[in-house]
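First the structure, in the form of C-alpha cells, and then the observations on it.
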Amino acid sequence: MSAASDFLSIAIIFAFVAIALAQVMSMIRLVIGPTVGDRILALDTMVVNAIGLIVLLGLAQGTQIYFEVTLIIAMLGFVSTVAYARFILRGDIIE
Amino acid sequence: MTFEVIGTYAVGLCLLIGGAFALIGTIGLLKFNDSMTRLHAPTKVGTIGVGAILLASVINSFVSGEGSMHELLIMAFLFVTAPISANFIAKVNIHKRACDTPPSPPRDDTWSTLAVPEADRSLADQNAKV
C-alpha cells in the first residue's frame with residue numbers, strides 16, 4: 001500500500017462516517033420539527049445525503065453501476081420536495 | 001509524482017471537502033433556531049458537499065482507467081434544482097407564518113403566498129379563532 005492509496009482509503013472512511021452522521025442529524029430534525037417547512041427541508045437534505053452515500057458506495061467498490069440509481073433518486077427527490085411544498089401552499093398538487 | 005498518485009490525492013481531498021461540508025451543513029440544520037435560518041445551512045450540502053463527492057467520483061474513474069463524465073449530469077441536475085426547492089420551502093415558511101411576514105406590497109392588498117382564496121375565508125377565520 002502506497003501513501004496515496006492509504007490517504008484515499010482514510011478519506012473514503014471519513015466521508016462515509018460524515019455523511020452517515022449528517023443523515024442521522026437530519027432525521028432528528030425531521031422528527032422534532034417544529035414547523036412543516038423544517039420537515040420538508042429535512043427530507044430534502046436526507047435525499048441529497050442519500051445521493052452522496054450511493055456515489056460513495058460506487059466509488060468504494062470501484063463500479064459504475066450505481067449511476068442510474070443516483071440519477072433517479074435525484075429526480076424523485078426534487079419532484080417530491082416540490083409536491084410537498086405545493087400541497088402545503090395550495091392544498092392540492094395538480095390543480 | 002505520476003498522474004495516478006496526483007489523481008488519488010485529488011480524489012481523497014475532494015472526499016474530505018465533501019464529507020466536511022455535508023457534516024457542517026447538517027449541523028447547521030440541527031442547531032439553528034429559526035426556520036428561515038435553518039433553510040440556508042443545508043444548501044451547502046446540496047452544492048459543495050455532494051458536488052465535491054461527485055467530482056471525486058469523476059476523477060477516480062479517470063485514475064482507474066475507464067474515464068466517464070456521467071456524474072456531471074447528476075451535478076448539473078442538483079445545481080439547477082436546489083434553488084427551486086429552496087424557494088418553495090421559503091414560500092412554505094412564509095405561508096405558515098414561521099418567519100417575519102414580509103412588508104406589505106406597494107400595489108395589491110397582500111402577497112399571493114399569504115392570500116386565502118375567497119371560498120376558504122370562513123374556514124380560515126374559524127382556524128384563526130381556534
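Convention: chains lettered A, B, ... in C-alpha cells order; per-chain residue numbering from 1; ligands numbered from 1 as shown.
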
Considering only C-alpha atoms, extract the chain A residues located within 9 Å of chain B and return them as a tab-separated table (two decimals) with C-alpha atoms, in the first residue's frame.
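Here's the written file selection.tsv:
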chain	number	residue	atom	x	y	z
A	3	ALA	CA	0.87	6.59	0.83
A	4	ALA	CA	-1.65	7.81	-1.77
A	5	SER	CA	-3.94	4.79	-1.53
A	7	PHE	CA	-4.86	8.51	2.16
A	8	LEU	CA	-7.69	7.58	-0.22
A	9	SER	CA	-8.99	4.77	1.99
A	10	ILE	CA	-8.92	7.05	5.06
A	11	ALA	CA	-10.77	9.75	3.09
A	12	ILE	CA	-13.43	7.26	1.96
A	14	PHE	CA	-14.18	9.75	6.75
A	15	ALA	CA	-16.70	10.64	4.05
A	16	PHE	CA	-18.86	7.59	4.87
A	17	VAL	CA	-18.89	8.47	8.58
A	18	ALA	CA	-19.56	12.18	7.93
A	19	ILE	CA	-22.48	11.57	5.57
A	20	ALA	CA	-23.97	8.88	7.81
A	21	LEU	CA	-23.83	11.31	10.76
A	22	ALA	CA	-25.39	14.00	8.56
A	23	GLN	CA	-28.19	11.59	7.63
A	25	MET	CA	-28.88	14.53	12.27
A	26	SER	CA	-31.30	15.47	9.50
A	28	ILE	CA	-33.52	14.16	14.16
A	29	ARG	CA	-34.62	17.47	12.61
A	34	PRO	CA	-41.26	22.06	14.72
A	35	THR	CA	-42.85	23.53	11.57
A	36	VAL	CA	-43.81	21.71	8.39
A	37	GLY	CA	-41.21	23.70	6.41
A	38	ASP	CA	-38.44	22.25	8.58
A	40	ILE	CA	-39.75	19.23	4.16
A	41	LEU	CA	-36.24	20.70	4.36
A	42	ALA	CA	-35.01	17.75	6.43
A	44	ASP	CA	-34.76	17.19	1.06
A	45	THR	CA	-31.43	17.08	2.91
A	48	VAL	CA	-29.22	14.74	-1.03
A	49	ASN	CA	-27.25	12.80	1.61
A	51	ILE	CA	-27.24	10.54	-3.23
A	52	GLY	CA	-23.84	11.19	-1.63
A	55	VAL	CA	-21.97	7.72	-5.03
A	56	LEU	CA	-19.51	6.90	-2.23
A	58	GLY	CA	-19.88	3.13	-6.06
A	59	LEU	CA	-16.51	4.83	-5.52
A	62	GLY	CA	-14.95	0.78	-7.98
A	63	THR	CA	-18.06	0.22	-10.12
A	64	GLN	CA	-20.19	2.44	-12.36
A	67	PHE	CA	-25.05	5.88	-11.68
A	70	THR	CA	-28.32	8.13	-8.24
A	71	LEU	CA	-29.90	9.96	-11.16
A	74	ALA	CA	-32.04	12.94	-7.57
A	75	MET	CA	-35.07	13.43	-9.84
A	78	PHE	CA	-36.72	17.14	-6.36
A	79	VAL	CA	-40.22	16.17	-7.51
A	81	THR	CA	-39.97	18.23	-2.40
A	82	VAL	CA	-41.93	20.36	-4.87
A	85	ALA	CA	-44.41	22.28	-0.82
A	86	ARG	CA	-47.23	22.69	-3.33
A	88	ILE	CA	-48.92	22.92	1.77
A	89	LEU	CA	-49.16	26.09	-0.35

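In this structure, CA of Glu118 in chain B sits 16.3 Å away from CA of Asp92 in chain A.
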
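The space between CA of Pro105 in chain B and CA of Gln126 in chain B spans 25.9 Å.
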
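Computed from the coordinates, the CA of Val63 in chain B to CA of Asp6 in chain A distance equals 15.4 Å.
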